[in-house]
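Everything below concerns the one structure shown next.
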Amino acid sequence: MLLATTDLRTEYEVLGMVKGSSTKAKHLGKDIVAGLRKIVGGDVKEYAELLQESRDEAESRMIAEAEKLGANAIIGIRFSTSSISQGMAEMLAYGTAVRIR
């Protein structure tokens with residue numbers, strides 16, 4: 001599956017928009033550690049891991065949706081995130097599923 005954030009300079013058939021969403025939360029222990037890191041400063045790796053896991057899962061779900069449509073590429077990919085509550089985030093990946101000719 002070809003993934004691109006831009007358009008392609010080749011002929012393709014548009015199959016439709018595809019998306020994948022993931023909502024993740026860290027457990028209480030990691031949330032407490034992250035809270036302490038916010039006080040003293042520095043990299044909050046607990047939340048960085050949470051977002052990376054969520055991005056990967058959202059992307060995988062988007063790809064699975066595109067494969068169901070028979071796509072061999074997704075163009076115009078974007079990611080969006082929102083905080084649902086402290087320590088919990090939703091990640092949305094979306095793009096246009098296409099079949100390159």
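Identifiers in this document derive from the order of the structure tokens: chains are assigned A, B, ..., residues are numbered from 1 separately in each chain, and ligands are numbered from 1 in order of occurrence.
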Exercise for the section: With a distance cut-off of 8 Å and only C-alpha atoms, select the neighbouring residues of A:Glu59, excluding the residue or stretch itself and same-chain residues fewer than 3 positions from it, and output the selection as a PyMOL selection string. Expected result: chain A and resi 20-21+55-56+62-63+93
Output file for the selection above: C-alpha atoms, as a PDB file, in the first residue's frame:
```pdb
ATOM      1  CA  GLY A  20      -9.044   5.119  11.049  1.00  0.00           C
ATOM      2  CA  SER A  21      -9.501   6.170  14.650  1.00  0.00           C
ATOM      3  CA  ARG A  55      -1.094   6.953  15.469  1.00  0.00           C
ATOM      4  CA  ASP A  56       0.060   3.471  14.448  1.00  0.00           C
ATOM      5  CA  MET A  62      -7.281   3.437   7.748  1.00  0.00           C
ATOM      6  CA  ILE A  63      -5.230   1.063   5.577  1.00  0.00           C
ATOM      7  CA  ALA A  93      -5.924   9.259  10.334  1.00  0.00           C
TER       8      ALA A  93
END
```
Handout entry: A:Ser22 environment, 7 Å, only C-alpha atoms, sequence neighbours closer than 6 positions dropped, as number ranges by chain
Key = A: 54, 57-58, 90-92
Could you write those residues out with N, CA and C atoms, as a PDB file, in the first residue's frame?
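Output (out_36.pdb):
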```pdb
ATOM      1  N   SER A  54      -1.203   5.225  19.347  1.00  0.00           N
ATOM      2  CA  SER A  54      -2.496   5.624  18.802  1.00  0.00           C
ATOM      3  C   SER A  54      -2.393   5.953  17.311  1.00  0.00           C
ATOM      4  N   GLU A  57      -2.043   2.640  15.340  1.00  0.00           N
ATOM      5  CA  GLU A  57      -3.312   1.914  15.265  1.00  0.00           C
ATOM      6  C   GLU A  57      -4.297   2.600  14.324  1.00  0.00           C
ATOM      7  N   ALA A  58      -4.385   3.930  14.377  1.00  0.00           N
ATOM      8  CA  ALA A  58      -5.287   4.672  13.489  1.00  0.00           C
ATOM      9  C   ALA A  58      -4.876   4.467  12.030  1.00  0.00           C
ATOM     10  N   GLU A  90      -7.489  10.759  21.408  1.00  0.00           N
ATOM     11  CA  GLU A  90      -7.990  10.123  20.200  1.00  0.00           C
ATOM     12  C   GLU A  90      -7.112  10.584  19.047  1.00  0.00           C
ATOM     13  N   MET A  91      -6.759   9.656  18.185  1.00  0.00           N
ATOM     14  CA  MET A  91      -5.985   9.955  16.992  1.00  0.00           C
ATOM     15  C   MET A  91      -6.838   9.531  15.793  1.00  0.00           C
ATOM     16  N   LEU A  92      -6.931  10.410  14.810  1.00  0.00           N
ATOM     17  CA  LEU A  92      -7.674  10.128  13.593  1.00  0.00           C
ATOM     18  C   LEU A  92      -6.725  10.249  12.412  1.00  0.00           C
TER      19      LEU A  92
END
```
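When atom CA of A:Ile84 is paired with atom CA of A:Thr5, their separation reads 26.0 Å.
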Handout entry: Closest of A:Ala64, A:Leu50, A:Gly95, A:Ile100 to A:Lys24 - atom-to-atom distances counting only C-alpha atoms
Key =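 So, comparing all the options, the nearest one is A:Leu50.
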Residues flagged strand (DSSP E or B) by DSSP in chain A, as a PDB file with N, CA and C atoms, in the first residue's frame:
```
ATOM      1  N   LEU A   2       0.712   2.087  -0.991  1.00  0.00           N
ATOM      2  CA  LEU A   2       1.438   3.353  -1.067  1.00  0.00           C
ATOM      3  C   LEU A   2       0.691   4.385  -0.229  1.00  0.00           C
ATOM      4  N   LEU A   3       1.417   5.071   0.659  1.00  0.00           N
ATOM      5  CA  LEU A   3       0.838   6.114   1.500  1.00  0.00           C
ATOM      6  C   LEU A   3       1.524   7.421   1.164  1.00  0.00           C
ATOM      7  N   TYR A  12      -5.096   7.693 -11.623  1.00  0.00           N
ATOM      8  CA  TYR A  12      -5.660   6.846 -10.588  1.00  0.00           C
ATOM      9  C   TYR A  12      -7.165   7.031 -10.549  1.00  0.00           C
ATOM     10  N   GLU A  13      -7.814   6.046  -9.980  1.00  0.00           N
ATOM     11  CA  GLU A  13      -9.264   6.082  -9.791  1.00  0.00           C
ATOM     12  C   GLU A  13      -9.526   6.367  -8.309  1.00  0.00           C
ATOM     13  N   VAL A  14     -10.325   7.377  -8.021  1.00  0.00           N
ATOM     14  CA  VAL A  14     -10.662   7.710  -6.637  1.00  0.00           C
ATOM     15  C   VAL A  14     -11.737   6.745  -6.154  1.00  0.00           C
ATOM     16  N   LEU A  15     -11.491   6.106  -5.016  1.00  0.00           N
ATOM     17  CA  LEU A  15     -12.438   5.157  -4.449  1.00  0.00           C
ATOM     18  C   LEU A  15     -13.214   5.733  -3.271  1.00  0.00           C
ATOM     19  N   GLY A  16     -12.703   6.784  -2.666  1.00  0.00           N
ATOM     20  CA  GLY A  16     -13.411   7.430  -1.567  1.00  0.00           C
ATOM     21  C   GLY A  16     -12.515   7.717  -0.392  1.00  0.00           C
ATOM     22  N   MET A  17     -13.070   8.451   0.559  1.00  0.00           N
ATOM     23  CA  MET A  17     -12.329   8.789   1.763  1.00  0.00           C
ATOM     24  C   MET A  17     -12.272   7.585   2.696  1.00  0.00           C
ATOM     25  N   VAL A  18     -11.131   7.399   3.318  1.00  0.00           N
ATOM     26  CA  VAL A  18     -10.973   6.346   4.317  1.00  0.00           C
ATOM     27  C   VAL A  18     -10.438   6.983   5.593  1.00  0.00           C
ATOM     28  N   LYS A  19     -10.734   6.339   6.712  1.00  0.00           N
ATOM     29  CA  LYS A  19     -10.287   6.883   7.992  1.00  0.00           C
ATOM     30  C   LYS A  19     -10.051   5.748   8.973  1.00  0.00           C
ATOM     31  N   GLY A  20      -9.288   6.051   9.959  1.00  0.00           N
ATOM     32  CA  GLY A  20      -9.044   5.119  11.049  1.00  0.00           C
ATOM     33  C   GLY A  20      -8.931   5.932  12.320  1.00  0.00           C
ATOM     34  N   SER A  21      -9.506   5.440  13.393  1.00  0.00           N
ATOM     35  CA  SER A  21      -9.501   6.170  14.650  1.00  0.00           C
ATOM     36  C   SER A  21      -9.029   5.249  15.761  1.00  0.00           C
ATOM     37  N   SER A  22      -8.351   5.830  16.728  1.00  0.00           N
ATOM     38  CA  SER A  22      -7.876   5.083  17.875  1.00  0.00           C
ATOM     39  C   SER A  22      -7.936   5.981  19.100  1.00  0.00           C
ATOM     40  N   THR A  23      -8.420   5.442  20.199  1.00  0.00           N
ATOM     41  CA  THR A  23      -8.443   6.171  21.458  1.00  0.00           C
ATOM     42  C   THR A  23      -7.650   5.360  22.471  1.00  0.00           C
ATOM     43  N   LYS A  24      -6.665   5.981  23.051  1.00  0.00           N
ATOM     44  CA  LYS A  24      -5.776   5.287  23.987  1.00  0.00           C
ATOM     45  C   LYS A  24      -5.732   6.027  25.312  1.00  0.00           C
ATOM     46  N   ALA A  25      -5.486   5.271  26.364  1.00  0.00           N
ATOM     47  CA  ALA A  25      -5.281   5.846  27.693  1.00  0.00           C
ATOM     48  C   ALA A  25      -4.160   5.079  28.383  1.00  0.00           C
ATOM     49  N   ALA A  73      -3.378   2.502  -2.901  1.00  0.00           N
ATOM     50  CA  ALA A  73      -2.701   3.698  -2.378  1.00  0.00           C
ATOM     51  C   ALA A  73      -3.705   4.560  -1.633  1.00  0.00           C
ATOM     52  N   ILE A  74      -3.165   5.371  -0.715  1.00  0.00           N
ATOM     53  CA  ILE A  74      -3.963   6.383  -0.030  1.00  0.00           C
ATOM     54  C   ILE A  74      -3.194   7.689  -0.178  1.00  0.00           C
ATOM     55  N   ILE A  75      -3.875   8.711  -0.690  1.00  0.00           N
ATOM     56  CA  ILE A  75      -3.223  10.001  -0.903  1.00  0.00           C
ATOM     57  C   ILE A  75      -3.860  11.061   0.004  1.00  0.00           C
ATOM     58  N   GLY A  76      -3.158  12.161   0.165  1.00  0.00           N
ATOM     59  CA  GLY A  76      -3.678  13.266   0.983  1.00  0.00           C
ATOM     60  C   GLY A  76      -3.859  12.893   2.437  1.00  0.00           C
ATOM     61  N   ILE A  77      -3.007  12.039   2.961  1.00  0.00           N
ATOM     62  CA  ILE A  77      -3.154  11.571   4.342  1.00  0.00           C
ATOM     63  C   ILE A  77      -2.911  12.708   5.333  1.00  0.00           C
ATOM     64  N   ARG A  78      -3.755  12.750   6.329  1.00  0.00           N
ATOM     65  CA  ARG A  78      -3.636  13.720   7.417  1.00  0.00           C
ATOM     66  C   ARG A  78      -3.880  13.002   8.738  1.00  0.00           C
ATOM     67  N   PHE A  79      -3.322  13.557   9.790  1.00  0.00           N
ATOM     68  CA  PHE A  79      -3.563  13.070  11.140  1.00  0.00           C
ATOM     69  C   PHE A  79      -4.151  14.203  11.964  1.00  0.00           C
ATOM     70  N   SER A  80      -5.069  13.850  12.839  1.00  0.00           N
ATOM     71  CA  SER A  80      -5.674  14.820  13.734  1.00  0.00           C
ATOM     72  C   SER A  80      -5.761  14.172  15.115  1.00  0.00           C
ATOM     73  N   THR A  81      -5.586  14.963  16.135  1.00  0.00           N
ATOM     74  CA  THR A  81      -5.667  14.425  17.488  1.00  0.00           C
ATOM     75  C   THR A  81      -6.526  15.314  18.358  1.00  0.00           C
ATOM     76  N   SER A  82      -7.123  14.713  19.354  1.00  0.00           N
ATOM     77  CA  SER A  82      -7.881  15.487  20.332  1.00  0.00           C
ATOM     78  C   SER A  82      -7.713  14.824  21.689  1.00  0.00           C
ATOM     79  N   SER A  83      -7.710  15.637  22.709  1.00  0.00           N
ATOM     80  CA  SER A  83      -7.593  15.156  24.077  1.00  0.00           C
ATOM     81  C   SER A  83      -8.998  14.912  24.608  1.00  0.00           C
ATOM     82  N   ILE A  84      -9.236  13.713  25.058  1.00  0.00           N
ATOM     83  CA  ILE A  84     -10.554  13.378  25.590  1.00  0.00           C
ATOM     84  C   ILE A  84     -10.594  13.689  27.090  1.00  0.00           C
ATOM     85  N   SER A  85      -9.513  13.339  27.766  1.00  0.00           N
ATOM     86  CA  SER A  85      -9.320  13.710  29.166  1.00  0.00           C
ATOM     87  C   SER A  85      -7.835  13.572  29.455  1.00  0.00           C
ATOM     88  N   MET A  88      -5.650  10.585  28.103  1.00  0.00           N
ATOM     89  CA  MET A  88      -6.404   9.863  27.083  1.00  0.00           C
ATOM     90  C   MET A  88      -6.495  10.731  25.836  1.00  0.00           C
ATOM     91  N   ALA A  89      -6.185  10.134  24.693  1.00  0.00           N
ATOM     92  CA  ALA A  89      -6.215  10.896  23.449  1.00  0.00           C
ATOM     93  C   ALA A  89      -6.820  10.067  22.327  1.00  0.00           C
ATOM     94  N   GLU A  90      -7.489  10.759  21.408  1.00  0.00           N
ATOM     95  CA  GLU A  90      -7.990  10.123  20.200  1.00  0.00           C
ATOM     96  C   GLU A  90      -7.112  10.584  19.047  1.00  0.00           C
ATOM     97  N   MET A  91      -6.759   9.656  18.185  1.00  0.00           N
ATOM     98  CA  MET A  91      -5.985   9.955  16.992  1.00  0.00           C
ATOM     99  C   MET A  91      -6.838   9.531  15.793  1.00  0.00           C
ATOM    100  N   LEU A  92      -6.931  10.410  14.810  1.00  0.00           N
ATOM    101  CA  LEU A  92      -7.674  10.128  13.593  1.00  0.00           C
ATOM    102  C   LEU A  92      -6.725  10.249  12.412  1.00  0.00           C
ATOM    103  N   ALA A  93      -6.694   9.228  11.580  1.00  0.00           N
ATOM    104  CA  ALA A  93      -5.924   9.259  10.334  1.00  0.00           C
ATOM    105  C   ALA A  93      -6.938   9.192   9.205  1.00  0.00           C
ATOM    106  N   TYR A  94      -6.773  10.047   8.185  1.00  0.00           N
ATOM    107  CA  TYR A  94      -7.719  10.028   7.069  1.00  0.00           C
ATOM    108  C   TYR A  94      -7.019  10.415   5.779  1.00  0.00           C
ATOM    109  N   GLY A  95      -7.581   9.969   4.670  1.00  0.00           N
ATOM    110  CA  GLY A  95      -7.036  10.258   3.370  1.00  0.00           C
ATOM    111  C   GLY A  95      -7.984   9.769   2.280  1.00  0.00           C
ATOM    112  N   THR A  96      -7.530   9.840   1.040  1.00  0.00           N
ATOM    113  CA  THR A  96      -8.330   9.410  -0.103  1.00  0.00           C
ATOM    114  C   THR A  96      -7.785   8.092  -0.642  1.00  0.00           C
ATOM    115  N   ALA A  97      -8.624   7.080  -0.636  1.00  0.00           N
ATOM    116  CA  ALA A  97      -8.236   5.774  -1.179  1.00  0.00           C
ATOM    117  C   ALA A  97      -8.307   5.838  -2.707  1.00  0.00           C
ATOM    118  N   VAL A  98      -7.252   5.370  -3.361  1.00  0.00           N
ATOM    119  CA  VAL A  98      -7.213   5.377  -4.822  1.00  0.00           C
ATOM    120  C   VAL A  98      -6.664   4.045  -5.337  1.00  0.00           C
ATOM    121  N   ARG A  99      -6.976   3.762  -6.584  1.00  0.00           N
ATOM    122  CA  ARG A  99      -6.391   2.609  -7.272  1.00  0.00           C
ATOM    123  C   ARG A  99      -5.551   3.166  -8.409  1.00  0.00           C
ATOM    124  N   ILE A 100      -4.235   2.998  -8.303  1.00  0.00           N
ATOM    125  CA  ILE A 100      -3.333   3.471  -9.342  1.00  0.00           C
ATOM    126  C   ILE A 100      -3.469   2.552 -10.545  1.00  0.00           C
TER     127      ILE A 100
END
```
Exercise for the section: Run DSSP on the backbone of this structure and report the residues of chain A it assigns to alpha helix (DSSP H), as a ChimeraX atom specification. Expected result: /A:28-40,45-68
Keeping only C-alpha atoms, write the selected residues as a short mmCIF file (atom, residue, chain, number, x, y, z; two decimals), in the first residue's frame.
```cif
data_model
loop_
_atom_site.label_atom_id
_atom_site.label_comp_id
_atom_site.auth_asym_id
_atom_site.auth_seq_id
_atom_site.Cartn_x
_atom_site.Cartn_y
_atom_site.Cartn_z
CA LEU A 28 -2.79 5.19 36.49
CA GLY A 29 0.85 4.40 37.32
CA LYS A 30 2.17 5.87 34.08
CA ASP A 31 -0.19 8.83 34.39
CA ILE A 32 1.24 9.63 37.83
CA VAL A 33 4.81 9.39 36.48
CA ALA A 34 3.86 11.66 33.56
CA GLY A 35 2.33 14.14 36.02
CA LEU A 36 5.59 14.24 37.97
CA ARG A 37 7.55 14.80 34.75
CA LYS A 38 5.32 17.80 33.97
CA ILE A 39 6.27 19.34 37.31
CA VAL A 40 10.05 18.92 36.92
CA LYS A 45 7.78 9.82 27.22
CA GLU A 46 4.64 8.20 28.65
CA TYR A 47 2.45 10.54 26.58
CA ALA A 48 4.77 10.34 23.57
CA GLU A 49 4.36 6.55 23.63
CA LEU A 50 0.59 6.92 23.98
CA LEU A 51 0.40 9.13 20.87
CA GLN A 52 2.74 6.91 18.81
CA GLU A 53 0.72 3.78 19.63
CA SER A 54 -2.50 5.62 18.80
CA ARG A 55 -1.09 6.95 15.47
CA ASP A 56 0.06 3.47 14.45
CA GLU A 57 -3.31 1.91 15.26
CA ALA A 58 -5.29 4.67 13.49
CA GLU A 59 -3.07 4.30 10.40
CA SER A 60 -3.52 0.51 10.38
CA ARG A 61 -7.30 0.89 10.59
CA MET A 62 -7.28 3.44 7.75
CA ILE A 63 -5.23 1.06 5.58
CA ALA A 64 -7.60 -1.83 6.34
CA GLU A 65 -10.57 0.31 5.26
CA ALA A 66 -8.78 1.22 2.01
CA GLU A 67 -7.94 -2.43 1.30
CA LYS A 68 -11.64 -3.32 1.63
#
```
